[in-house]
file target-v1.cif (mmCIF, C-alpha atoms)
data_protein
loop_
_atom_site.label_atom_id
_atom_site.label_comp_id
_atom_site.auth_asym_id
_atom_site.auth_seq_id
_atom_site.Cartn_x
_atom_site.Cartn_y
_atom_site.Cartn_z
CA MET O 1 61.87 -10.77 -179.15
CA ALA O 2 65.63 -11.10 -179.71
CA ARG O 3 67.78 -8.01 -179.68
CA PRO O 4 69.26 -6.99 -183.04
CA ARG O 5 73.00 -7.70 -183.09
CA ILE O 6 75.59 -4.94 -183.35
CA THR O 7 77.88 -6.11 -186.12
CA LYS O 8 81.13 -5.01 -187.72
CA ARG O 9 79.01 -3.82 -190.63
CA HIS O 10 77.27 -1.29 -188.39
CA ILE O 11 80.62 0.05 -187.21
CA LYS O 12 81.97 0.18 -190.75
CA ASP O 13 78.90 2.10 -191.94
CA ILE O 14 79.26 4.64 -189.13
CA PHE O 15 82.87 5.35 -190.05
CA ALA O 16 82.00 5.47 -193.75
CA PHE O 17 79.26 8.05 -193.18
CA THR O 18 81.53 10.08 -190.90
CA ASP O 19 84.35 10.07 -193.45
CA ASP O 20 81.98 10.90 -196.30
CA VAL O 21 80.81 14.10 -194.60
CA VAL O 22 84.25 15.07 -193.28
CA ARG O 23 85.87 14.56 -196.69
CA ASN O 24 83.19 16.10 -198.90
CA TYR O 25 81.99 18.90 -196.63
CA PRO O 26 85.04 20.43 -194.91
CA ASP O 27 85.01 23.70 -193.00
CA ARG O 28 81.49 23.10 -191.68
CA LEU O 29 80.97 26.40 -189.91
CA ILE O 30 77.31 27.21 -189.44
CA GLY O 31 75.87 29.16 -192.37
CA THR O 32 78.58 28.17 -194.83
CA PRO O 33 77.70 26.35 -198.09
CA SER O 34 79.67 23.34 -196.82
CA CYS O 35 77.68 23.07 -193.58
CA ILE O 36 74.36 23.56 -195.38
CA ALA O 37 75.28 20.85 -197.90
CA ALA O 38 76.34 18.53 -195.07
CA GLY O 39 72.93 18.99 -193.46
CA LYS O 40 71.24 18.04 -196.74
CA ARG O 41 73.43 14.93 -196.96
CA ILE O 42 72.47 13.98 -193.40
CA ALA O 43 68.79 14.49 -194.22
CA GLU O 44 69.15 12.13 -197.20
CA GLU O 45 70.60 9.49 -194.90
CA PHE O 46 67.93 10.01 -192.24
CA GLU O 47 65.24 9.58 -194.91
CA LYS O 48 66.46 6.03 -195.58
CA ASN O 49 65.68 5.04 -192.00
CA CYS O 50 63.00 7.31 -190.59
CA ASP O 51 59.27 7.03 -191.20
CA PRO O 52 58.16 8.55 -194.52
CA GLY O 53 57.62 12.30 -194.36
CA SER O 54 59.13 12.67 -190.89
CA VAL O 55 62.53 14.09 -191.86
CA LYS O 56 62.80 17.88 -191.66
CA ARG O 57 65.50 20.49 -192.17
CA GLU O 58 64.53 23.28 -189.81
CA ALA O 59 66.08 26.72 -190.31
CA PHE O 60 67.04 29.12 -187.55
CA ILE O 61 68.90 32.43 -187.43
CA CYS O 62 71.75 33.22 -185.07
CA ASN O 63 74.93 35.30 -184.75
CA PRO O 64 77.60 32.60 -184.48
CA ARG O 65 80.71 34.78 -184.46
CA ALA O 66 79.56 36.37 -181.21
CA PHE O 67 80.51 33.20 -179.35
CA LEU O 68 84.30 33.22 -179.87
CA LYS O 69 85.18 36.17 -182.05
CA TYR O 70 84.51 38.57 -179.17
CA ILE O 71 87.94 37.60 -177.79
CA ARG O 72 89.98 39.98 -179.94
CA PRO O 73 87.71 42.95 -179.14
CA ALA O 74 88.13 42.03 -175.46
CA VAL O 75 91.92 42.08 -175.84
CA ILE O 76 91.64 45.53 -177.46
CA CYS O 77 89.49 46.68 -174.52
CA TYR O 78 92.19 45.51 -172.10
CA ILE O 79 94.96 47.31 -173.96
CA PHE O 80 92.86 50.49 -174.17
CA SER O 81 92.07 50.37 -170.45
CA THR O 82 95.66 49.70 -169.48
CA ILE O 83 96.76 52.75 -171.48
CA CYS O 84 94.05 54.79 -169.73
CA ASN O 85 95.42 53.62 -166.38
CA SER O 86 98.92 54.69 -167.37
CA PHE O 87 97.53 58.20 -167.82
CA LYS O 88 95.67 57.97 -164.50
CA ARG O 89 92.20 57.80 -166.03
CA PRO O 90 90.64 54.96 -164.02
CA VAL O 91 87.04 55.80 -164.92
CA SER O 92 87.72 55.34 -168.65
CA ALA O 93 89.69 52.20 -167.84
CA LEU O 94 86.80 50.86 -165.76
CA TYR O 95 84.48 51.01 -168.76
CA GLY O 96 86.92 49.05 -170.92
CA TYR O 97 87.67 46.36 -168.34
CA GLY O 98 83.98 46.12 -167.48
CA LEU O 99 82.97 45.64 -171.12
CA ALA O 100 85.60 42.93 -171.60
CA VAL O 101 84.55 41.10 -168.42
CA ALA O 102 80.90 41.32 -169.48
CA MET O 103 81.81 39.68 -172.80
CA PHE O 104 83.78 36.88 -171.12
CA VAL O 105 81.18 36.17 -168.45
CA SER O 106 78.17 36.25 -170.79
CA GLN O 107 79.70 34.27 -173.66
CA PHE O 108 82.37 32.04 -172.09
CA ALA O 109 80.76 31.22 -168.75
CA PHE O 110 77.01 31.29 -169.41
CA TYR O 111 76.61 31.16 -173.22
CA LYS O 112 74.33 34.20 -173.11
CA GLU O 113 73.60 36.10 -176.29
CA PHE O 114 73.75 39.69 -175.05
CA PHE O 115 76.34 40.77 -177.62
CA ASP O 116 74.96 38.81 -180.57
CA PRO O 117 73.37 41.83 -182.32
CA PHE O 118 76.85 43.26 -182.87
CA PHE O 119 77.88 40.30 -185.03
CA PRO O 120 76.68 39.08 -188.47
CA LYS O 121 73.66 36.81 -188.81
CA GLU O 122 73.78 33.34 -190.34
CA VAL O 123 71.16 30.71 -191.10
CA GLY O 124 71.65 27.26 -189.63
CA TYR O 125 69.69 24.06 -190.18
CA ASN O 126 68.78 21.37 -187.67
CA VAL O 127 67.95 17.99 -189.20
CA TYR O 128 65.63 15.46 -187.58
CA GLY O 129 63.31 12.55 -188.28
CA SER O 130 61.45 9.90 -186.32
CA VAL O 131 60.49 6.24 -186.08
CA GLU O 132 57.06 5.60 -184.60
CA PRO O 133 56.22 2.71 -182.28
CA GLU O 134 53.72 -0.06 -182.88
CA GLY O 135 51.21 1.34 -180.39
CA GLU O 136 50.31 4.62 -178.77
CA VAL O 137 53.25 6.98 -178.19
CA LYS O 138 53.77 7.27 -174.44
CA GLN O 139 57.34 8.50 -174.44
CA GLN O 140 60.06 9.57 -176.84
CA ILE O 141 63.82 9.25 -176.86
CA ILE O 142 65.84 11.82 -178.77
CA LEU O 143 69.24 10.70 -180.04
CA CYS O 144 71.30 13.82 -180.64
CA GLY O 145 74.61 14.72 -182.26
CA HIS O 146 75.82 17.83 -184.04
CA HIS O 147 77.31 18.17 -187.51
CA ASP O 148 78.89 21.63 -187.48
CA ALA O 149 82.63 21.97 -186.93
CA ALA O 150 84.77 24.06 -184.60
CA TYR O 151 87.49 26.58 -185.20
CA VAL O 152 90.93 25.17 -184.47
CA PHE O 153 92.04 26.30 -181.00
CA HIS O 154 95.63 27.47 -181.38
CA TYR O 155 96.86 26.33 -177.96
CA MET O 156 94.93 23.05 -178.07
CA ASP O 157 96.69 22.36 -181.34
CA LYS O 158 100.20 23.47 -180.41
CA SER O 159 100.48 22.71 -176.69
CA PRO O 160 97.45 21.10 -175.02
CA LYS O 161 99.31 20.70 -171.73
CA MET O 162 99.73 24.48 -171.58
CA TYR O 163 96.13 25.24 -172.52
CA PRO O 164 94.88 25.69 -168.92
CA LEU O 165 97.77 28.05 -168.18
CA PHE O 166 97.01 30.22 -171.21
CA LEU O 167 93.35 30.27 -170.20
CA ILE O 168 93.98 31.29 -166.59
CA ALA O 169 96.77 33.75 -167.42
CA GLY O 170 94.49 35.38 -169.99
CA ILE O 171 91.30 35.69 -167.96
CA ILE O 172 92.54 36.70 -164.49
CA PRO O 173 93.96 40.09 -165.65
CA PHE O 174 90.50 41.19 -166.79
CA MET O 175 89.08 40.48 -163.34
CA LEU O 176 91.98 42.28 -161.68
CA GLY O 177 91.57 45.22 -164.03
CA LEU O 178 87.90 45.55 -163.12
CA LEU O 179 88.58 45.31 -159.37
CA PHE O 180 91.61 47.61 -159.39
CA THR O 181 89.98 50.37 -161.44
CA LEU O 182 86.81 50.12 -159.36
CA PHE O 183 88.98 50.69 -156.29
CA MET O 184 90.78 53.58 -158.01
CA THR O 185 87.49 55.17 -159.04
CA ILE O 186 85.99 54.94 -155.55
CA THR O 187 89.12 56.07 -153.67
CA ARG O 188 90.23 58.57 -156.32
CA THR O 189 93.75 57.19 -156.11
CA THR O 190 95.88 55.45 -158.74
CA PRO O 191 98.41 53.23 -156.91
CA LEU O 192 101.50 52.66 -159.01
CA TRP O 193 101.76 48.97 -158.03
CA MET O 194 98.26 48.30 -159.35
CA ARG O 195 99.02 50.00 -162.64
CA ARG O 196 102.26 48.03 -162.95
CA ILE O 197 100.51 44.70 -162.31
CA LEU O 198 97.92 45.41 -165.01
CA LEU O 199 100.65 46.45 -167.41
CA ALA O 200 102.67 43.30 -166.72
CA ALA O 201 99.52 41.19 -167.15
CA LEU O 202 99.49 42.11 -170.82
CA ALA O 203 101.85 39.14 -171.18
CA GLY O 204 98.93 36.87 -170.35
CA VAL O 205 96.24 38.79 -172.22
CA VAL O 206 97.93 39.34 -175.58
CA PRO O 207 98.24 35.58 -176.37
CA LEU O 208 94.42 35.41 -176.28
CA TRP O 209 94.53 37.20 -179.64
CA TRP O 210 95.51 33.82 -181.12
CA PHE O 211 93.17 31.70 -178.95
CA THR O 212 91.16 30.65 -182.01
CA THR O 213 92.32 30.61 -185.58
CA ASP O 214 90.28 30.94 -188.77
CA GLU O 215 91.14 27.34 -189.63
CA VAL O 216 88.31 24.84 -189.18
CA SER O 217 88.72 21.40 -187.65
CA PRO O 218 87.68 18.32 -189.70
CA ALA O 219 85.49 17.53 -186.67
CA ALA O 220 85.14 13.77 -187.05
CA GLY O 221 85.18 12.95 -183.32
CA ASP O 222 83.71 16.31 -182.40
CA ASN O 223 81.19 15.58 -183.56
CA MET O 224 80.22 14.05 -186.91
CA VAL O 225 80.67 10.51 -185.62
CA ALA O 226 77.88 11.15 -183.10
CA THR O 227 75.46 12.06 -185.89
CA ALA O 228 76.54 8.89 -187.74
CA ILE O 229 75.87 6.81 -184.61
CA VAL O 230 72.46 8.47 -184.21
CA ASN O 231 71.68 7.53 -187.81
CA GLU O 232 72.86 3.92 -187.40
CA ALA O 233 70.96 3.41 -184.15
CA THR O 234 67.81 4.66 -185.84
CA LYS O 235 68.46 2.30 -188.74
CA ILE O 236 68.70 -0.71 -186.42
CA PHE O 237 65.21 -0.08 -185.06
CA ALA O 238 63.81 0.95 -188.44
CA ASP O 239 65.07 -2.29 -190.03
CA GLN O 240 63.25 -4.32 -187.39
CA LYS O 241 60.08 -2.34 -188.04
CA ARG O 242 60.34 -2.98 -191.79
CA LYS O 243 60.63 -6.69 -191.07
CA GLY O 244 57.40 -6.59 -189.10
CA LYS O 245 59.28 -7.01 -185.81
CA ASN O 246 58.91 -3.52 -184.36
CA LEU O 247 60.81 -3.45 -181.07
CA LEU O 248 59.16 -0.19 -180.14
CA LYS O 249 55.79 -0.64 -178.50
CA HIS O 250 55.18 2.80 -177.01
CA THR O 251 58.45 4.68 -177.59
CA ARG O 252 59.11 7.09 -180.46
CA ILE O 253 62.72 7.55 -181.57
CA ILE O 254 63.73 10.98 -182.82
CA CYS O 255 67.11 11.20 -184.52
CA LEU O 256 68.45 14.75 -184.37
CA SER O 257 71.56 16.37 -185.78
CA VAL O 258 71.84 19.98 -184.71
CA ASP O 259 73.79 22.78 -186.29
CA GLY O 260 75.58 25.55 -184.40
CA GLU O 261 76.73 23.62 -181.33
CA GLU O 262 80.23 24.99 -181.70
CA CYS O 263 78.98 28.59 -181.52
CA GLY O 264 77.33 28.26 -178.12
CA LEU O 265 74.57 25.65 -178.59
CA ARG O 266 72.64 27.92 -180.97
CA GLY O 267 71.13 25.01 -182.89
CA SER O 268 69.90 22.95 -179.94
CA ARG O 269 68.53 26.09 -178.31
CA ALA O 270 66.59 26.85 -181.48
CA TYR O 271 65.25 23.28 -181.57
CA VAL O 272 64.15 23.46 -177.94
CA LYS O 273 62.50 26.84 -178.46
CA LEU O 274 60.47 25.55 -181.41
CA HIS O 275 59.57 22.20 -179.86
CA GLU O 276 59.37 22.86 -176.13
CA LYS O 277 55.65 22.11 -175.92
CA GLU O 278 55.92 18.68 -177.54
CA LEU O 279 59.05 17.93 -175.50
CA LYS O 280 56.96 18.38 -172.39
CA ASP O 281 53.61 17.05 -173.58
CA ILE O 282 55.17 13.60 -174.01
CA LYS O 283 57.70 12.17 -171.56
CA THR O 284 61.04 12.83 -173.28
CA TYR O 285 64.57 11.58 -172.71
CA VAL O 286 67.46 13.18 -174.62
CA PHE O 287 70.57 11.07 -175.24
CA CYS O 288 73.28 13.38 -176.58
CA MET O 289 76.76 12.33 -177.67
CA ASP O 290 79.86 14.46 -178.03
CA THR O 291 83.65 14.03 -178.33
CA LEU O 292 83.71 10.25 -178.73
CA TYR O 293 87.33 9.09 -178.92
CA ASN O 294 88.40 6.65 -176.17
CA ALA O 295 86.67 3.42 -175.20
CA ASP O 296 88.09 3.49 -171.67
CA LYS O 297 86.78 6.98 -170.87
CA LEU O 298 82.98 6.72 -171.09
CA VAL O 299 81.37 9.51 -169.08
CA PHE O 300 77.67 10.27 -168.73
CA ILE O 301 77.10 13.91 -167.87
CA ASP O 302 74.72 15.07 -165.13
CA ASN O 303 75.83 18.72 -165.02
CA ASP O 304 76.74 20.93 -167.95
CA LEU O 305 77.56 24.42 -169.24
CA ASN O 306 80.44 25.31 -166.91
CA LEU O 307 78.64 23.84 -163.87
CA THR O 308 75.57 26.07 -164.36
CA VAL O 309 72.99 23.59 -165.73
CA ASP O 310 71.85 20.43 -164.00
CA LEU O 311 71.05 17.50 -166.26
CA SER O 312 69.26 14.31 -165.22
CA HIS O 313 71.40 12.45 -162.69
CA GLU O 314 68.94 9.56 -162.81
CA MET O 315 69.34 9.20 -166.57
CA ALA O 316 73.14 9.50 -166.37
CA GLN O 317 73.25 6.85 -163.66
CA GLU O 318 70.91 4.54 -165.56
CA LEU O 319 73.08 4.80 -168.67
CA THR O 320 76.21 4.22 -166.59
CA ASP O 321 74.66 1.12 -165.03
CA ILE O 322 73.84 -0.21 -168.50
CA ALA O 323 77.41 0.42 -169.65
CA LEU O 324 78.87 -1.28 -166.57
CA SER O 325 76.58 -4.28 -167.03
CA LEU O 326 77.98 -4.65 -170.54
CA GLY O 327 81.51 -4.70 -169.16
CA TYR O 328 82.48 -1.17 -170.20
CA LYS O 329 84.36 1.37 -168.10
CA ALA O 330 81.95 4.19 -167.37
CA ARG O 331 81.12 6.80 -164.74
CA VAL O 332 78.83 9.72 -164.01
CA SER O 333 80.53 13.11 -164.04
CA HIS O 334 80.09 16.71 -165.17
CA VAL O 335 81.63 19.06 -167.68
CA PRO O 336 84.23 20.97 -165.64
CA TRP O 337 84.35 24.74 -165.44
CA GLY O 338 86.18 25.95 -168.52
CA GLY O 339 85.24 22.80 -170.41
CA GLY O 340 82.31 24.44 -172.16
CA SER O 341 79.06 22.62 -172.77
CA THR O 342 77.13 20.06 -174.78
CA ASP O 343 73.74 20.21 -176.47
CA ALA O 344 72.24 18.39 -173.48
CA ALA O 345 72.36 21.72 -171.60
CA SER O 346 69.75 23.24 -173.93
CA PHE O 347 67.29 20.53 -172.93
CA GLY O 348 68.27 20.63 -169.26
CA GLN O 349 67.55 24.35 -169.16
CA VAL O 350 63.86 23.64 -169.81
CA ASP O 351 63.74 20.66 -167.40
CA VAL O 352 63.68 17.94 -170.05
CA GLU O 353 65.57 14.85 -168.90
CA ALA O 354 68.89 14.73 -170.72
CA SER O 355 72.41 13.40 -170.45
CA CYS O 356 75.40 13.35 -172.75
CA LEU O 357 77.82 10.52 -173.44
CA MET O 358 81.40 11.67 -173.79
CA ALA O 359 84.51 9.53 -174.27
CA PHE O 360 87.31 11.93 -173.75
CA GLU O 361 89.64 13.26 -171.02
CA LEU O 362 87.46 15.89 -169.35
CA ASP O 363 90.05 17.23 -166.93
CA VAL O 364 91.61 20.23 -168.71
CA LYS O 365 94.68 19.83 -166.45
CA ASN O 366 95.38 16.37 -167.89
CA LEU O 367 94.91 16.84 -171.63
CA GLN O 368 97.00 14.34 -173.57
CA GLU O 369 99.77 15.50 -175.87
CA ASP O 370 98.24 13.69 -178.85
CA LEU O 371 94.96 15.60 -178.46
CA VAL O 372 92.94 15.94 -181.68
CA TYR O 373 89.91 17.78 -180.24
CA HIS O 374 89.58 21.22 -181.89
CA THR O 375 92.71 20.60 -183.97
CA PRO O 376 93.38 19.95 -187.68
CA ARG O 377 93.93 16.28 -186.75
CA ASP O 378 90.35 15.42 -185.80
CA PHE O 379 89.84 12.68 -188.39
CA SER O 380 88.14 9.34 -187.83
CA ASP O 381 91.43 7.49 -187.36
CA ALA O 382 91.58 9.15 -183.91
CA ILE O 383 88.31 7.45 -182.91
CA GLU O 384 88.62 3.98 -181.41
CA PRO O 385 86.20 1.58 -183.14
CA GLU O 386 85.41 0.09 -179.73
CA VAL O 387 83.88 3.35 -178.49
CA VAL O 388 81.57 3.44 -181.50
CA GLU O 389 80.41 -0.11 -180.81
CA GLN O 390 79.94 0.71 -177.14
CA ALA O 391 77.85 3.82 -177.85
CA LEU O 392 75.65 1.94 -180.32
CA THR O 393 75.13 -0.98 -177.92
CA ILE O 394 74.28 1.31 -175.00
CA ILE O 395 71.70 3.11 -177.14
CA ARG O 396 70.12 -0.19 -178.15
CA GLU O 397 69.94 -1.41 -174.56
CA TYR O 398 68.64 1.88 -173.21
CA ILE O 399 65.83 2.20 -175.75
CA ILE O 400 64.70 -1.40 -175.27
CA LYS O 401 64.83 -1.01 -171.48
CA LYS O 402 62.81 2.19 -171.45
CA ASP O 403 60.20 0.76 -173.79
CA ARG O 404 59.77 -2.36 -171.65
CA GLU O 405 59.30 -0.20 -168.58
CA ILE O 406 56.18 1.23 -170.22
CA LEU O 407 54.81 -2.28 -170.66
CA ALA O 408 55.59 -3.35 -167.09
#
call {"tool": "encode", "arguments": {"input": "target-v1.cif", "output": "structure tokens"}}
result
Amino acid sequence: MARPRITKRHIKDIFAFTDDVVRNYPDRLIGTPSCIAAGKRIAEEFEKNCDPGSVKREAFICNPRAFLKYIRPAVICYIFSTICNSFKRPVSALYGYGLAVAMFVSQFAFYKEFFDPFFPKEVGYNVYGSVEPEGEVKQQIILCGHHDAAYVFHYMDKSPKMYPLFLIAGIIPFMLGLLFTLFMTITRTTPLWMRRILLAALAGVVPLWWFTTDEVSPAAGDNMVATAIVNEATKIFADQKRKGKNLLKHTRIICLSVDGEECGLRGSRAYVKLHEKELKDIKTYVFCMDTLYNADKLVFIDNDLNLTVDLSHEMAQELTDIALSLGYKARVSHVPWGGGSTDAASFGQVDVEASCLMAFELDVKNLQEDLVYHTPRDFSDAIEPEVVEQALTIIREYIIKKDREILA
């Protein structure tokens, strides 16, 4: 059976859906009326393509502000501890530095939720639906994007080239503070040079106060366009099924748009928690997409969440091979330390095969000056149409390939 063609109409529809949500539902922070309404709009679109009755809006509760809004309390802890050091009270200082480091390590490095109870609760909504195959379901492929938006990152917006410097200069003092005051506490000494270093390091710590703003990015490339691609890919297969030419023999497609990715993967974690049994009862592959901007920078991720979660190298390599066979530039890589995470990590943490397609400069040392990621400029005009076509074509080829492997 012939493959359905990827046409200019498909690309146009993806951009139209992206722009519709970005324009009509701005400031899509999890739990806000705008984000909830956006999820309802996505569900309406999914219902046009998914099997009748399969589309669900699934609620979950989380504490989203714990993920980034701990930074200002951490800065306060540093200032408090540095003052304590100035008065030769290292034990009090140790508690402050230790608390700040615990916040950074748990939230920034590992996305743990230890401090969540200290922040307000919000209700988020994941949206998903499915298209069933012609025969018995022997495997399923989840196509995943996220529809919530990020806070604007002040230094990403104003000076992306300096972003790594601000990050390093801000974090290292906390580690030094913990080590120095631990030494002071054990030795019962308070070396002047240590106290002076920690005082001088305030120059690096204080700018963290403005690390995030309260402004919200339009979030077209990160990541509404991915949800629009998920929807369009589902439509392609659903249209064939409606014509009596179902390309899916034993493979179920699940289209999934999660909420709360930008607050530490809260939405995808909630989805995995609720559906872990069915994710493992049937062979499952999870194809995530995030930060799709540049057609010459296709990367399939095999390691995620600041180098702490292994994804499926085999799946990443298979997707890369498909992309290369289509003439695209693509490679297997990982999200670097400090680069955060994608929703694929939530699935990788429970040993479900997953990878994420990104099309973006991953090296934080080489961020381009015209960066739109996590800025007020993240509109669809920053997304190259070619990358949308590439993503859609790779999805088509991957699903058909995996389904034919079942028949072989």
call {"tool": "closest_atom_pairs", "arguments": {"input": "target-v1.cif", "of": "stretch 39-144 of chain O", "to": "stretch 295-305 of chain O", "cutoff": "8 Å", "atoms": "all atoms listed in the file", "output": "tab-separated table"}}
result
residue	atom	partner	partner_atom	distance
O:Ala109	CA	O:Leu305	CA	7.5
O:Phe110	CA	O:Leu305	CA	6.9
O:Tyr111	CA	O:Leu305	CA	7.9
call {"tool": "residues_around", "arguments": {"input": "target-v1.cif", "residues": "stretch 115-120 of chain O", "least_positions_apart": "3", "cutoff": "7 Å", "atoms": "all atoms listed in the file", "output": "list in words"}}
result
Asn63, Arg65 and Ala66 of chain O
call {"tool": "write_last_selection", "arguments": {"input": "target-v1.cif", "atoms": "C-alpha atoms", "output": "compact mmCIF listing (two decimals), in the coordinates of the input"}}
result
# COMPACT_ATOMS: atom_id res chain seq x y z
CA ASN O 63 74.93 35.30 -184.75
CA ARG O 65 80.71 34.78 -184.46
CA ALA O 66 79.56 36.37 -181.21
call {"tool": "closest_residue", "arguments": {"input": "target-v1.cif", "among": "O:Phe87, O:Phe114, O:Trp209, O:Tyr151", "to": "O:Glu261", "atoms": "all atoms listed in the file"}}
result
O:Tyr151
call {"tool": "residues_around", "arguments": {"input": "target-v1.cif", "residues": "O:Asp281", "least_positions_apart": "2", "cutoff": "12 Å", "atoms": "all atoms listed in the file", "output": "PyMOL selection string"}}
result
chain O and resi 137-140+275-279+283-284+352
call {"tool": "write_last_selection", "arguments": {"input": "target-v1.cif", "atoms": "C-alpha atoms", "output": "short mmCIF file (atom, residue, chain, number, x, y, z; two decimals), keeping the file's coordinate frame"}}
result
data_model
loop_
_atom_site.label_atom_id
_atom_site.label_comp_id
_atom_site.auth_asym_id
_atom_site.auth_seq_id
_atom_site.Cartn_x
_atom_site.Cartn_y
_atom_site.Cartn_z
CA VAL O 137 53.25 6.98 -178.19
CA LYS O 138 53.77 7.27 -174.44
CA GLN O 139 57.34 8.50 -174.44
CA GLN O 140 60.06 9.57 -176.84
CA HIS O 275 59.57 22.20 -179.86
CA GLU O 276 59.37 22.86 -176.13
CA LYS O 277 55.65 22.11 -175.92
CA GLU O 278 55.92 18.68 -177.54
CA LEU O 279 59.05 17.93 -175.50
CA LYS O 283 57.70 12.17 -171.56
CA THR O 284 61.04 12.83 -173.28
CA VAL O 352 63.68 17.94 -170.05
#
call {"tool": "residues_around", "arguments": {"input": "target-v1.cif", "residues": "O:Ala228", "least_positions_apart": "6", "cutoff": "9 Å", "atoms": "only C-alpha atoms", "output": "list in words"}}
result
Asp13, Ile14, Phe15, Ala16, Phe17, Thr18, Ile42 and Gly145 of chain O
call {"tool": "closest_residue", "arguments": {"input": "target-v1.cif", "among": "O:Ile71, O:Val91, O:Ala391, O:Leu292", "to": "O:Gly221", "atoms": "all atoms listed in the file"}}
result
O:Leu292
call {"tool": "resolve_selection", "arguments": {"input": "target-v1.cif", "expression": "the PyMOL selection byres ((chain O and resi 72) around 12)", "output": "MDAnalysis selection string"}}
result
chainID O and resid 65:71 73:79 100 103:104 170 205:213
call {"tool": "residues_near_point", "arguments": {"input": "target-v1.cif", "point": "(77.3, 18.4, -192.6)", "cutoff": "8 Å", "atoms": "all atoms listed in the file", "output": "compact mmCIF listing (two decimals) with C-alpha atoms, in the coordinates of the input"}}
result
# COMPACT_ATOMS: atom_id res chain seq x y z
CA VAL O 21 80.81 14.10 -194.60
CA VAL O 22 84.25 15.07 -193.28
CA TYR O 25 81.99 18.90 -196.63
CA ARG O 28 81.49 23.10 -191.68
CA SER O 34 79.67 23.34 -196.82
CA CYS O 35 77.68 23.07 -193.58
CA ILE O 36 74.36 23.56 -195.38
CA ALA O 37 75.28 20.85 -197.90
CA ALA O 38 76.34 18.53 -195.07
CA GLY O 39 72.93 18.99 -193.46
CA LYS O 40 71.24 18.04 -196.74
CA ARG O 41 73.43 14.93 -196.96
CA ILE O 42 72.47 13.98 -193.40
CA HIS O 147 77.31 18.17 -187.51
CA ASP O 148 78.89 21.63 -187.48
CA MET O 224 80.22 14.05 -186.91
call {"tool": "closest_residue", "arguments": {"input": "target-v1.cif", "among": "O:Asn24, O:Ser54, O:Ser159, O:Ser106", "to": "O:Pro218", "atoms": "only C-alpha atoms"}}
result
O:Asn24
call {"tool": "residues_around", "arguments": {"input": "target-v1.cif", "residues": "O:His10", "least_positions_apart": "6", "cutoff": "12 Å", "atoms": "all atoms listed in the file", "output": "number ranges by chain"}}
result
O: 4, 16-17, 228-236, 385-386, 388-393
call {"tool": "closest_residue", "arguments": {"input": "target-v1.cif", "among": "O:Trp337, O:Phe174, O:Phe379, O:Tyr328", "to": "O:Arg23", "atoms": "only C-alpha atoms"}}
result
O:Phe379
call {"tool": "closest_residue", "arguments": {"input": "target-v1.cif", "among": "O:Leu371, O:Ile395, O:Val387, O:Ala344", "to": "O:Glu318", "atoms": "only C-alpha atoms"}}
result
O:Ile395
call {"tool": "resolve_selection", "arguments": {"input": "target-v1.cif", "expression": "the PyMOL selection byres ((chain O and resi 247-249) around 9)", "output": "PDB file with C-alpha atoms, keeping the file's coordinate frame"}}
result
ATOM      1  CA  MET O   1      61.870 -10.770-179.150  1.00  0.00           C
ATOM      2  CA  ARG O   3      67.780  -8.010-179.680  1.00  0.00           C
ATOM      3  CA  VAL O 131      60.490   6.240-186.080  1.00  0.00           C
ATOM      4  CA  GLU O 132      57.060   5.600-184.600  1.00  0.00           C
ATOM      5  CA  PRO O 133      56.220   2.710-182.280  1.00  0.00           C
ATOM      6  CA  GLU O 134      53.720  -0.060-182.880  1.00  0.00           C
ATOM      7  CA  GLY O 135      51.210   1.340-180.390  1.00  0.00           C
ATOM      8  CA  GLU O 136      50.310   4.620-178.770  1.00  0.00           C
ATOM      9  CA  VAL O 137      53.250   6.980-178.190  1.00  0.00           C
ATOM     10  CA  PHE O 237      65.210  -0.080-185.060  1.00  0.00           C
ATOM     11  CA  GLN O 240      63.250  -4.320-187.390  1.00  0.00           C
ATOM     12  CA  LYS O 241      60.080  -2.340-188.040  1.00  0.00           C
ATOM     13  CA  LYS O 245      59.280  -7.010-185.810  1.00  0.00           C
ATOM     14  CA  ASN O 246      58.910  -3.520-184.360  1.00  0.00           C
ATOM     15  CA  HIS O 250      55.180   2.800-177.010  1.00  0.00           C
ATOM     16  CA  THR O 251      58.450   4.680-177.590  1.00  0.00           C
ATOM     17  CA  ARG O 252      59.110   7.090-180.460  1.00  0.00           C
ATOM     18  CA  ILE O 253      62.720   7.550-181.570  1.00  0.00           C
ATOM     19  CA  ILE O 399      65.830   2.200-175.750  1.00  0.00           C
ATOM     20  CA  ILE O 400      64.700  -1.400-175.270  1.00  0.00           C
ATOM     21  CA  ASP O 403      60.200   0.760-173.790  1.00  0.00           C
ATOM     22  CA  ARG O 404      59.770  -2.360-171.650  1.00  0.00           C
ATOM     23  CA  ILE O 406      56.180   1.230-170.220  1.00  0.00           C
ATOM     24  CA  LEU O 407      54.810  -2.280-170.660  1.00  0.00           C
TER      25      LEU O 407
END
call {"tool": "closest_residue", "arguments": {"input": "target-v1.cif", "among": "O:Val152, O:Ala345, O:Leu357, O:Val105", "to": "O:Ala219", "atoms": "only C-alpha atoms"}}
result
O:Val152
call {"tool": "atom_distance", "arguments": {"input": "target-v1.cif", "atom1": "atom CA of O:Lys56", "atom2": "atom CA of O:Ser257"}}
result
10.7 Å
call {"tool": "residues_around", "arguments": {"input": "target-v1.cif", "residues": "O:Pro173", "least_positions_apart": "4", "cutoff": "10 Å", "atoms": "only C-alpha atoms", "output": "ChimeraX atom specification"}}
result
/O:78,97,101,168-169,177-179,197-205
call {"tool": "resolve_selection", "arguments": {"input": "target-v1.cif", "expression": "the PyMOL selection byres ((chain O and resi 376) around 8)", "output": "number ranges by chain"}}
result
O: 152, 157, 215-218, 372, 374-375, 377-378
